[in-house]
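Take a look at the structure below.
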Amino acid sequence: MGYQIRKAAVIGSGTMGGGIATLLAAVGVKVTLLDIAARDTQPGDPPAKRNAVVNEGLKRAASSRPAQLFSQNDLSLIHTGNIDDDLALVADADWIVEVVVERLDVKRALMTRLAEVVSPNTIISTNTSGLPIHDIAEGLPEEFTRRFLGTHFFNPPRYLKLLEVIPGPNTDPEILAFIQRYGNEVLGKGVVLCKDTPNFIGNRFMTMVGMQGVNTALDGNFTVEEIDTITGPLIGRPKTATFRLNDLVGIDVAVGVARNLYPAIPDDPAKAILEHPGTTALFDRLLENKWLGNKTGQGFYKTVKGAGGEKEFWSLNLSTFEYEAPVKPRFDSVSKHRKVENTGERIKLLLGEEDRAAQYLWHHHAFYLAYASQRVPEITETIVNIDNAQKWGFSHELGPFEIWDALGVAETVPQFEAAGYPVAGWVKQMLANGYSSFYQRDAAGNAIAYYSPQEQVYVTLPQDTLAIQVAKLRSSSAPVARNAGASVWDIGDGAALLELHSPAQALDSDVIEMGWKALELLDSEFDALIVGSEAERFCIGANLFMVAMAAQAGQFDQLEQIIKASQNLMQAMRYASKPVIIAPHNMALGGGAELIMAGTRVVAHSELYMGLVEVGVGVIPGSGGCKELVRRIVNPVMLSHPNADPLPHLQKAFENIALAKVSESAKLAREMGFLTASDRIVMNRNYLFGEAKREALHLAQGYVPQHAGKVYAAGRDAYAALMLAIEGFVDGGYASEHDALISRKLGYILTGGAVSEPGWIDEQVFLDLEREAFLSLLGEPKTMERIAHMLQTNKPLRN
């Protein structure tokens, strides 16, 4: 049968349960969130009292930072209740996710009750992080167990990509395939199929590799800071590295997982790592002191106020158990190779050195890679699942088998074994069969196949047509046009991609030049254009350094031409003869936000942090941002209700810019007026270009170009109201005189130059006002102070 998720239930409202509920609500699913009835209450008590536990859980999810909710409006889709009184509410759910306490007896009892109430088509899953799936549903009817499986989300569910899916012994293959597809396409997750083994993949590796890292640190008399310096970004891992990761997870949680894992893996030869005497004593002492990491304010690190009041992170001396002021550990190997760009090559060079850091990293990787080989196919069928679990669950740049390929498999196998790290027999058989690497790659280095220990050959990696990646385009073609700031690619079916890749993702003259080239090619060779980037950030706006240099040199005529060229490009994109789709993700600030609003339509990744933040450097948006917010926020109201008061809507646009507001999601960008109702939001970042292409080609069929229209100018009275508000902020000490100067110029622009009578005026009037204000503010000393401070500290100055 065909499955779909319209209604879901989440049972358990703790951190994970609340996060899963808000994630489901974000994609439009109606959610029933249940938890235990509040203590000392009885059936029939007022719901607010009876449901206090679940309501508090939802409240925490709604107010958490970083935000779990994509929008506060999503709360309207979540309804709360308690397990004792309201379990019948889940009867017609399409999917029930159990997220109760990690106790087998509790989970079993709940499943027994659910088996009595759920509909015959409901999918039921457990979010257990390690309890055996088959044990949780043991003894239940076949009709229930065929619809039962594990779905292990990682915390926080909104931000961490990994979703481990674990079938039970009786799980229906159709349901298994549906949940994998739903997790990937709808929830935007990277789905990894695991076997029902202790702690599955992610937590098995986090525990074993993490404990080995601590053991080796203690054996080598390393400091906390030394280990975190060499096991973070240096080797392609997050800044949390080793010890800081324990603080983040919670030392009690990490220890609990490790100590529960030991008896669960009696046949794992490496399990002795979990009972290292020094590590056991270290963690026992931390638990005794209740130094549990971030949740208690201290663990391996403690936040201390420095002499100037700034935050300092003092690390724990593992010998004296005193906290010590931060230092910057130095190692010759790190100094020599830390700037090598390619992560695999950097790790290989580091492991080839002889100092203490290199020796630590060599043994750490030898264990990690050899251990990974021993777990396939025990805990999952493919090496790809192991690699993806590390990358998606823990933000590693490379998985263990990808690292091993970079080191050289044939060279390192005998070295690992000689040092006491046994490599799985299938790896040696792979080499004997003439396969020298775990992945087969094309000429550009993209993986196209992986080695299967079961089949003893390379197996082609599945190709997803929606997952358009520039790295793969490079392996098969050259760009149609390119300069230092951007490239134009032919992505097939009549669509072109303008890929932004300028230094620091700035909107510079090279990007503007290639933008014009892309529009020229759109006219002559393509049916639609997509604008996007594969960098970490979409676009952070103008090249601030170049702007500052030109202003200091008094090159205002040149600056005016640059601003005008940027304005003209934005207008040309919006009114192009064929559709231009902007596909932003992550950070889009200043000119990056203006570029997004220049498109025919936007297909945005759900994690979009968008804002017109120019006031932070003492200027206002100069490439159409002011005009666009008025056009998007005020115009619709005045078109549909000509006698409406424009001021409340104008204030929304004004506050977005004057307060440098940045959206916390694409949904919030829509609510703030940056995106429109017709713009699309995509949960899976891998599908962003593919979905943008699909939208572009759909629009291209019979596309009717837009033409520049009028923008509503609220005029002199609205301007006076804004000025009064600005004075109030200054008098109250909430804004400086320079803030007020910028805000007055902003208000003047947004009201169409404070025209005497409100009405509709040409877009170009707003653009001219923007350009004039931008240039005049660059002549202000306090603006130059703000720009200098931003360039030096990457933080705004409010002077």
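Labels for the structure tokens follow display order: chains A, B, ..., residues from 1 in each chain, ligands from 1.
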Which residues are near Pro46 of chain A? Cut-off 12 Å, only C-alpha atoms, ignore same chain within fewer than 4 positions. Put them as an mmCIF file with all heavy atoms, in the first residue's frame.
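This is the output file result.cif:
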```
data_model
loop_
_atom_site.group_PDB
_atom_site.id
_atom_site.type_symbol
_atom_site.label_atom_id
_atom_site.label_comp_id
_atom_site.auth_asym_id
_atom_site.auth_seq_id
_atom_site.Cartn_x
_atom_site.Cartn_y
_atom_site.Cartn_z
ATOM 1 N N ALA A 37 1.331 11.615 32.891
ATOM 2 C CA ALA A 37 0.499 12.565 33.634
ATOM 3 C C ALA A 37 1.306 13.131 34.792
ATOM 4 O O ALA A 37 2.179 12.465 35.359
ATOM 5 C CB ALA A 37 -0.749 11.863 34.148
ATOM 6 N N ALA A 38 1.052 14.382 35.113
ATOM 7 C CA ALA A 38 1.792 15.044 36.190
ATOM 8 C C ALA A 38 1.579 14.315 37.509
ATOM 9 O O ALA A 38 0.497 13.777 37.783
ATOM 10 C CB ALA A 38 1.357 16.500 36.304
ATOM 11 N N THR A 41 -1.694 14.071 40.379
ATOM 12 C CA THR A 41 -2.925 14.480 39.695
ATOM 13 C C THR A 41 -3.774 13.242 39.449
ATOM 14 O O THR A 41 -3.302 12.111 39.496
ATOM 15 C CB THR A 41 -2.647 15.181 38.356
ATOM 16 O OG1 THR A 41 -2.003 14.255 37.452
ATOM 17 C CG2 THR A 41 -1.759 16.390 38.549
ATOM 18 N N GLN A 42 -5.050 13.484 39.158
ATOM 19 C CA GLN A 42 -5.997 12.398 38.928
ATOM 20 C C GLN A 42 -6.737 12.649 37.617
ATOM 21 O O GLN A 42 -6.875 13.794 37.181
ATOM 22 C CB GLN A 42 -7.019 12.336 40.073
ATOM 23 C CG GLN A 42 -6.416 12.137 41.448
ATOM 24 C CD GLN A 42 -5.730 10.786 41.592
ATOM 25 O OE1 GLN A 42 -6.176 9.800 40.997
ATOM 26 N NE2 GLN A 42 -4.661 10.753 42.382
ATOM 27 N N ARG A 50 -3.052 18.453 34.685
ATOM 28 C CA ARG A 50 -2.803 17.045 34.347
ATOM 29 C C ARG A 50 -1.684 16.902 33.315
ATOM 30 O O ARG A 50 -0.892 15.957 33.372
ATOM 31 C CB ARG A 50 -4.096 16.448 33.796
ATOM 32 C CG ARG A 50 -4.086 14.953 33.562
ATOM 33 C CD ARG A 50 -4.192 14.178 34.825
ATOM 34 N NE ARG A 50 -4.515 12.772 34.534
ATOM 35 C CZ ARG A 50 -4.125 11.751 35.259
ATOM 36 N NH1 ARG A 50 -3.390 11.947 36.336
ATOM 37 N NH2 ARG A 50 -4.473 10.524 34.940
ATOM 38 N N ASN A 51 -1.609 17.845 32.405
ATOM 39 C CA ASN A 51 -0.622 17.765 31.313
ATOM 40 C C ASN A 51 0.589 18.656 31.566
ATOM 41 O O ASN A 51 1.268 19.078 30.623
ATOM 42 C CB ASN A 51 -1.271 18.175 29.986
ATOM 43 C CG ASN A 51 -2.401 17.254 29.584
ATOM 44 O OD1 ASN A 51 -2.438 16.088 29.974
ATOM 45 N ND2 ASN A 51 -3.341 17.758 28.802
ATOM 46 N N ALA A 52 0.882 18.935 32.809
ATOM 47 C CA ALA A 52 1.976 19.863 33.133
ATOM 48 C C ALA A 52 3.314 19.378 32.593
ATOM 49 O O ALA A 52 4.132 20.189 32.136
ATOM 50 C CB ALA A 52 2.056 20.060 34.645
ATOM 51 N N GLY A 81 -1.097 16.098 25.382
ATOM 52 C CA GLY A 81 -1.948 15.265 26.217
ATOM 53 C C GLY A 81 -1.078 14.391 27.097
ATOM 54 O O GLY A 81 0.150 14.550 27.127
ATOM 55 N N ASP A 85 -4.489 9.316 30.004
ATOM 56 C CA ASP A 85 -5.854 9.701 29.616
ATOM 57 C C ASP A 85 -6.073 9.756 28.108
ATOM 58 O O ASP A 85 -7.210 9.597 27.644
ATOM 59 C CB ASP A 85 -6.191 11.093 30.183
ATOM 60 C CG ASP A 85 -6.007 11.186 31.681
ATOM 61 O OD1 ASP A 85 -6.047 10.133 32.344
ATOM 62 O OD2 ASP A 85 -5.798 12.310 32.176
#
```
Can you write out as a Markdown table which residues of segment 676-783 of chain A fall within 12 Å of segment 512-530 of chain A, alongside each residue's closest atom pair and its distance in Å to one decimal, counting only C-alpha atoms and ordering rows by chain and ascending residue number?
```
| residue | atom | partner | partner_atom | distance |
| --- | --- | --- | --- | --- |
| A:Leu688 | CA | A:Ile530 | CA | 10.4 |
| A:Phe689 | CA | A:Ile530 | CA | 7.6 |
| A:Gly690 | CA | A:Ile530 | CA | 9.9 |
| A:Glu691 | CA | A:Ile530 | CA | 10.3 |
| A:Ala692 | CA | A:Ile530 | CA | 6.7 |
| A:Lys693 | CA | A:Ile530 | CA | 6.8 |
| A:Arg694 | CA | A:Ala528 | CA | 10.1 |
| A:Glu695 | CA | A:Ala528 | CA | 9.5 |
| A:Ala696 | CA | A:Ala528 | CA | 5.7 |
| A:Leu697 | CA | A:Ala528 | CA | 6.5 |
| A:His698 | CA | A:Ala528 | CA | 9.5 |
| A:Leu699 | CA | A:Ala528 | CA | 8.3 |
| A:Ala700 | CA | A:Asp527 | CA | 6.2 |
| A:Gln701 | CA | A:Asp527 | CA | 8.8 |
| A:Gly702 | CA | A:Asp527 | CA | 10.6 |
| A:Tyr703 | CA | A:Asp527 | CA | 9.6 |
| A:Pro705 | CA | A:Ala528 | CA | 11.9 |
```
Okay, now the selection with all heavy atoms, as a CSV table (one decimal), in the first residue's frame?
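Okay, this is what ended up in out23.csv:
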```
chain,number,residue,atom,x,y,z
A,688,LEU,N,18.7,21.0,-3.0
A,688,LEU,CA,18.4,22.5,-3.2
A,688,LEU,C,18.5,22.8,-4.7
A,688,LEU,O,17.6,23.4,-5.3
A,688,LEU,CB,19.3,23.4,-2.4
A,688,LEU,CG,19.0,24.8,-2.4
A,688,LEU,CD1,17.6,25.1,-2.0
A,688,LEU,CD2,20.0,25.6,-1.6
A,689,PHE,N,19.6,22.5,-5.3
A,689,PHE,CA,19.7,22.9,-6.8
A,689,PHE,C,18.8,22.1,-7.6
A,689,PHE,O,18.2,22.6,-8.6
A,689,PHE,CB,21.2,22.6,-7.2
A,689,PHE,CG,22.2,23.6,-6.7
A,689,PHE,CD1,23.5,23.4,-6.8
A,689,PHE,CD2,21.8,24.8,-6.0
A,689,PHE,CE1,24.5,24.3,-6.3
A,689,PHE,CE2,22.7,25.7,-5.5
A,689,PHE,CZ,24.0,25.4,-5.7
A,690,GLY,N,18.6,20.8,-7.3
A,690,GLY,CA,17.7,20.0,-8.1
A,690,GLY,C,16.2,20.5,-8.0
A,690,GLY,O,15.5,20.5,-9.0
A,691,GLU,N,15.8,20.9,-6.8
A,691,GLU,CA,14.4,21.4,-6.7
A,691,GLU,C,14.3,22.8,-7.3
A,691,GLU,O,13.3,23.2,-7.9
A,691,GLU,CB,14.1,21.5,-5.2
A,691,GLU,CG,13.9,20.2,-4.5
A,691,GLU,CD,12.6,19.5,-4.9
A,691,GLU,OE1,11.9,20.0,-5.8
A,691,GLU,OE2,12.4,18.4,-4.4
A,692,ALA,N,15.4,23.6,-7.2
A,692,ALA,CA,15.4,24.9,-7.9
A,692,ALA,C,15.3,24.7,-9.4
A,692,ALA,O,14.6,25.5,-10.1
A,692,ALA,CB,16.7,25.7,-7.5
A,693,LYS,N,16.0,23.7,-9.9
A,693,LYS,CA,15.9,23.4,-11.4
A,693,LYS,C,14.5,23.0,-11.8
A,693,LYS,O,14.0,23.5,-12.8
A,693,LYS,CB,16.9,22.4,-11.7
A,693,LYS,CG,16.9,21.9,-13.2
A,693,LYS,CD,17.9,20.8,-13.5
A,693,LYS,CE,17.7,20.2,-14.9
A,693,LYS,NZ,18.6,19.1,-15.2
A,694,ARG,N,13.9,22.2,-11.0
A,694,ARG,CA,12.6,21.7,-11.2
A,694,ARG,C,11.6,22.9,-11.3
A,694,ARG,O,10.8,23.0,-12.2
A,694,ARG,CB,12.2,20.7,-10.2
A,694,ARG,CG,10.8,20.2,-10.3
A,694,ARG,CD,10.4,19.3,-9.1
A,694,ARG,NE,11.1,18.0,-9.2
A,694,ARG,CZ,11.0,17.0,-8.3
A,694,ARG,NH1,10.3,17.2,-7.2
A,694,ARG,NH2,11.6,15.9,-8.5
A,695,GLU,N,11.8,23.8,-10.3
A,695,GLU,CA,10.9,25.0,-10.3
A,695,GLU,C,11.1,25.9,-11.5
A,695,GLU,O,10.2,26.4,-12.1
A,695,GLU,CB,11.2,25.8,-9.0
A,695,GLU,CG,10.3,27.0,-8.7
A,695,GLU,CD,8.9,26.6,-8.3
A,695,GLU,OE1,8.6,25.4,-8.0
A,695,GLU,OE2,8.0,27.5,-8.3
A,696,ALA,N,12.4,26.1,-11.8
A,696,ALA,CA,12.8,26.9,-12.9
A,696,ALA,C,12.2,26.4,-14.2
A,696,ALA,O,11.6,27.2,-15.0
A,696,ALA,CB,14.3,27.0,-13.0
A,697,LEU,N,12.3,25.1,-14.5
A,697,LEU,CA,11.8,24.6,-15.7
A,697,LEU,C,10.3,24.6,-15.8
A,697,LEU,O,9.7,24.8,-16.9
A,697,LEU,CB,12.3,23.2,-15.9
A,697,LEU,CG,13.9,23.1,-16.1
A,697,LEU,CD1,14.3,21.6,-16.3
A,697,LEU,CD2,14.3,23.9,-17.3
A,698,HIS,N,9.7,24.5,-14.6
A,698,HIS,CA,8.2,24.6,-14.6
A,698,HIS,C,7.8,26.0,-15.0
A,698,HIS,O,6.8,26.2,-15.8
A,698,HIS,CB,7.7,24.2,-13.2
A,698,HIS,CG,6.3,24.5,-13.0
A,698,HIS,ND1,5.2,23.8,-13.5
A,698,HIS,CD2,5.7,25.5,-12.2
A,698,HIS,CE1,4.1,24.3,-13.2
A,698,HIS,NE2,4.3,25.4,-12.4
A,699,LEU,N,8.4,27.0,-14.4
A,699,LEU,CA,8.1,28.4,-14.7
A,699,LEU,C,8.4,28.8,-16.2
A,699,LEU,O,7.7,29.6,-16.7
A,699,LEU,CB,8.8,29.3,-13.8
A,699,LEU,CG,8.4,29.4,-12.3
A,699,LEU,CD1,9.3,30.3,-11.5
A,699,LEU,CD2,6.9,29.8,-12.2
A,700,ALA,N,9.4,28.1,-16.7
A,700,ALA,CA,9.9,28.5,-18.1
A,700,ALA,C,8.8,28.1,-19.1
A,700,ALA,O,8.8,28.7,-20.2
A,700,ALA,CB,11.2,27.7,-18.4
A,701,GLN,N,7.9,27.2,-18.8
A,701,GLN,CA,6.9,26.9,-19.8
A,701,GLN,C,5.9,28.0,-19.9
A,701,GLN,O,5.1,28.2,-19.0
A,701,GLN,CB,6.2,25.5,-19.3
A,701,GLN,CG,7.2,24.4,-19.3
A,701,GLN,CD,6.5,23.1,-18.7
A,701,GLN,OE1,5.3,23.0,-18.7
A,701,GLN,NE2,7.3,22.2,-18.3
A,702,GLY,N,5.9,28.7,-21.0
A,702,GLY,CA,5.0,29.8,-21.2
A,702,GLY,C,5.3,31.0,-20.3
A,702,GLY,O,4.3,31.7,-19.9
A,703,TYR,N,6.5,31.2,-19.9
A,703,TYR,CA,6.9,32.3,-19.0
A,703,TYR,C,6.6,33.6,-19.6
A,703,TYR,O,6.9,33.9,-20.7
A,703,TYR,CB,8.3,32.2,-18.6
A,703,TYR,CG,8.8,33.2,-17.6
A,703,TYR,CD1,8.3,33.2,-16.3
A,703,TYR,CD2,9.6,34.3,-17.9
A,703,TYR,CE1,8.7,34.1,-15.3
A,703,TYR,CE2,10.0,35.2,-17.0
A,703,TYR,CZ,9.5,35.2,-15.7
A,703,TYR,OH,9.9,36.1,-14.8
A,705,PRO,N,7.5,37.5,-18.9
A,705,PRO,CA,8.4,38.3,-18.1
A,705,PRO,C,7.6,39.4,-17.3
A,705,PRO,O,6.6,39.9,-17.7
A,705,PRO,CB,9.3,39.0,-19.2
A,705,PRO,CG,9.1,38.1,-20.4
A,705,PRO,CD,7.7,37.6,-20.3
```
Using only C-alpha atoms, which protein or nucleic acid residues come within 6 Å of segment 359-373 of chain A? Drop anything in the same chain fewer than 2 positions from it, and give the result as a list in words.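 Using only C-alpha atoms, the neighbours found are Leu351, Arg356, Ala357, Arg375, Val376, Pro400, Phe416, Tyr421, Val423 and Ala424 of chain A.
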Arg259 of chain A: which residues within 12 Å, counting only C-alpha atoms, same-chain residues fewer than 6 positions away excluded, as a PyMOL selection string? chain A and resi 199+204+207-208+211+252-253+265+271-276+279-280+283-284
What is the distance between atom CA of Gly14 of chain A and atom CA of Val99 of chain A, in Å to one decimal?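 For atom CA of Gly14 of chain A relative to atom CA of Val99 of chain A, the distance reads 7.9 Å.
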Show which residues sit within 12 Å of Ala25 of chain A, as a VMD selection string. Count only C-alpha atoms, and ignore same-chain residues fewer than 2 positions away. chain A and resid 5 to 10 18 to 23 27 to 33 62 68 to 79 158 186 to 187
Same residues, C-alpha atoms, output as a compact mmCIF listing (two decimals), in the first residue's frame:
```
# COMPACT_ATOMS: atom_id res chain seq x y z
CA ILE A 5 2.33 11.07 6.97
CA ARG A 6 -0.37 13.61 7.68
CA LYS A 7 -0.82 12.98 11.40
CA ALA A 8 1.87 11.85 13.77
CA ALA A 9 2.23 11.20 17.48
CA VAL A 10 5.36 11.65 19.55
CA GLY A 18 10.13 17.92 21.72
CA GLY A 19 12.68 18.27 18.94
CA ILE A 20 11.11 15.51 16.83
CA ALA A 21 7.65 16.99 17.35
CA THR A 22 8.77 20.45 16.19
CA LEU A 23 10.59 18.93 13.20
CA VAL A 27 6.90 20.03 7.42
CA GLY A 28 3.19 20.52 8.03
CA VAL A 29 2.38 17.35 9.98
CA LYS A 30 -0.23 17.54 12.74
CA VAL A 31 1.39 16.19 15.90
CA THR A 32 -0.02 14.79 19.11
CA LEU A 33 2.65 15.08 21.81
CA ALA A 62 9.68 26.35 21.89
CA GLN A 68 14.18 23.97 17.67
CA LEU A 69 11.15 25.63 16.08
CA PHE A 70 11.42 26.87 12.52
CA SER A 71 8.53 29.22 13.31
CA GLN A 72 6.38 29.89 16.37
CA ASN A 73 3.41 29.31 14.08
CA ASP A 74 4.36 25.62 13.96
CA LEU A 75 3.13 25.31 17.55
CA SER A 76 -0.44 25.45 16.24
CA LEU A 77 0.11 21.98 14.75
CA ILE A 78 1.20 20.42 18.04
CA HIS A 79 -1.43 19.30 20.54
CA ARG A 158 16.48 20.07 13.58
CA VAL A 186 10.59 15.23 3.50
CA LEU A 187 12.54 15.64 6.74
```
Which residues, written as a PDB file with all heavy atoms, in the first residue's frame, have at least one atom at most 7 Å from His152 of chain A, with only C-alpha atoms counted and residues fewer than 5 positions away on the same chain left out?
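Output contents, as saved in part-v8.pdb:
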```
ATOM      1  N   ASN A 127      12.703   5.637  19.159  1.00  0.00           N
ATOM      2  CA  ASN A 127      13.884   6.476  18.987  1.00  0.00           C
ATOM      3  C   ASN A 127      15.015   6.040  19.921  1.00  0.00           C
ATOM      4  O   ASN A 127      15.927   6.800  20.202  1.00  0.00           O
ATOM      5  CB  ASN A 127      13.535   7.944  19.266  1.00  0.00           C
ATOM      6  CG  ASN A 127      14.672   8.890  18.936  1.00  0.00           C
ATOM      7  OD1 ASN A 127      15.089   9.005  17.789  1.00  0.00           O
ATOM      8  ND2 ASN A 127      15.233   9.544  19.952  1.00  0.00           N
ATOM      9  N   THR A 128      14.974   4.791  20.386  1.00  0.00           N
ATOM     10  CA  THR A 128      16.030   4.321  21.272  1.00  0.00           C
ATOM     11  C   THR A 128      17.400   4.559  20.655  1.00  0.00           C
ATOM     12  O   THR A 128      17.582   4.437  19.449  1.00  0.00           O
ATOM     13  CB  THR A 128      15.871   2.822  21.593  1.00  0.00           C
ATOM     14  OG1 THR A 128      16.944   2.428  22.445  1.00  0.00           O
ATOM     15  CG2 THR A 128      15.904   1.971  20.330  1.00  0.00           C
ATOM     16  N   SER A 129      18.358   4.904  21.505  1.00  0.00           N
ATOM     17  CA  SER A 129      19.719   5.141  21.012  1.00  0.00           C
ATOM     18  C   SER A 129      20.578   3.906  21.083  1.00  0.00           C
ATOM     19  O   SER A 129      21.747   3.950  20.714  1.00  0.00           O
ATOM     20  CB  SER A 129      20.379   6.259  21.834  1.00  0.00           C
ATOM     21  OG  SER A 129      20.402   5.903  23.204  1.00  0.00           O
ATOM     22  N   LEU A 163      19.889  10.281  10.493  1.00  0.00           N
ATOM     23  CA  LEU A 163      18.761   9.497  10.979  1.00  0.00           C
ATOM     24  C   LEU A 163      19.104   8.029  10.752  1.00  0.00           C
ATOM     25  O   LEU A 163      19.210   7.579   9.609  1.00  0.00           O
ATOM     26  CB  LEU A 163      17.473   9.865  10.239  1.00  0.00           C
ATOM     27  CG  LEU A 163      16.252   8.969  10.514  1.00  0.00           C
ATOM     28  CD1 LEU A 163      15.874   8.993  11.989  1.00  0.00           C
ATOM     29  CD2 LEU A 163      15.065   9.395   9.650  1.00  0.00           C
ATOM     30  N   GLU A 164      19.299   7.318  11.841  1.00  0.00           N
ATOM     31  CA  GLU A 164      19.559   5.884  11.735  1.00  0.00           C
ATOM     32  C   GLU A 164      18.227   5.146  11.705  1.00  0.00           C
ATOM     33  O   GLU A 164      17.374   5.346  12.574  1.00  0.00           O
ATOM     34  CB  GLU A 164      20.380   5.395  12.929  1.00  0.00           C
ATOM     35  CG  GLU A 164      21.795   5.945  12.946  1.00  0.00           C
ATOM     36  CD  GLU A 164      22.608   5.465  14.124  1.00  0.00           C
ATOM     37  OE1 GLU A 164      22.048   5.337  15.233  1.00  0.00           O
ATOM     38  OE2 GLU A 164      23.810   5.226  13.942  1.00  0.00           O
ATOM     39  N   VAL A 165      18.043   4.294  10.702  1.00  0.00           N
ATOM     40  CA  VAL A 165      16.823   3.496  10.577  1.00  0.00           C
ATOM     41  C   VAL A 165      17.207   2.040  10.793  1.00  0.00           C
ATOM     42  O   VAL A 165      18.118   1.523  10.129  1.00  0.00           O
ATOM     43  CB  VAL A 165      16.167   3.701   9.202  1.00  0.00           C
ATOM     44  CG1 VAL A 165      14.997   2.752   9.021  1.00  0.00           C
ATOM     45  CG2 VAL A 165      15.687   5.148   9.058  1.00  0.00           C
TER      46      VAL A 165
END
```
For Arg631 of chain A: contacts at 12 Å, only C-alpha atoms, fewer than 3 positions along chain excluded, given as an NGL selection string: :A and (597-598 or 624-628 or 634-639 or 646 or 649-650 or 653 or 673-676 or 708-714 or 750-752 or 760-763 or 766)
At most 10 Å is the cut-off: for each residue in segment 487-513 of chain A with any atom that close to an atom of segment 455-471 of chain A, write down the nearest atom pair and the distance in Å rounded to one decimal, counting only C-alpha atoms, chain first then increasing number, as a Markdown table.
```
| residue | atom | partner | partner_atom | distance |
| --- | --- | --- | --- | --- |
| A:Trp489 | CA | A:Val470 | CA | 8.3 |
| A:Ile491 | CA | A:Ile468 | CA | 8.1 |
| A:Leu497 | CA | A:Val470 | CA | 9.3 |
| A:Glu499 | CA | A:Val470 | CA | 8.2 |
```
If you run DSSP on the backbone, which residues of segment 623-740 of chain A are strand (DSSP E), as a count of residues only? 7
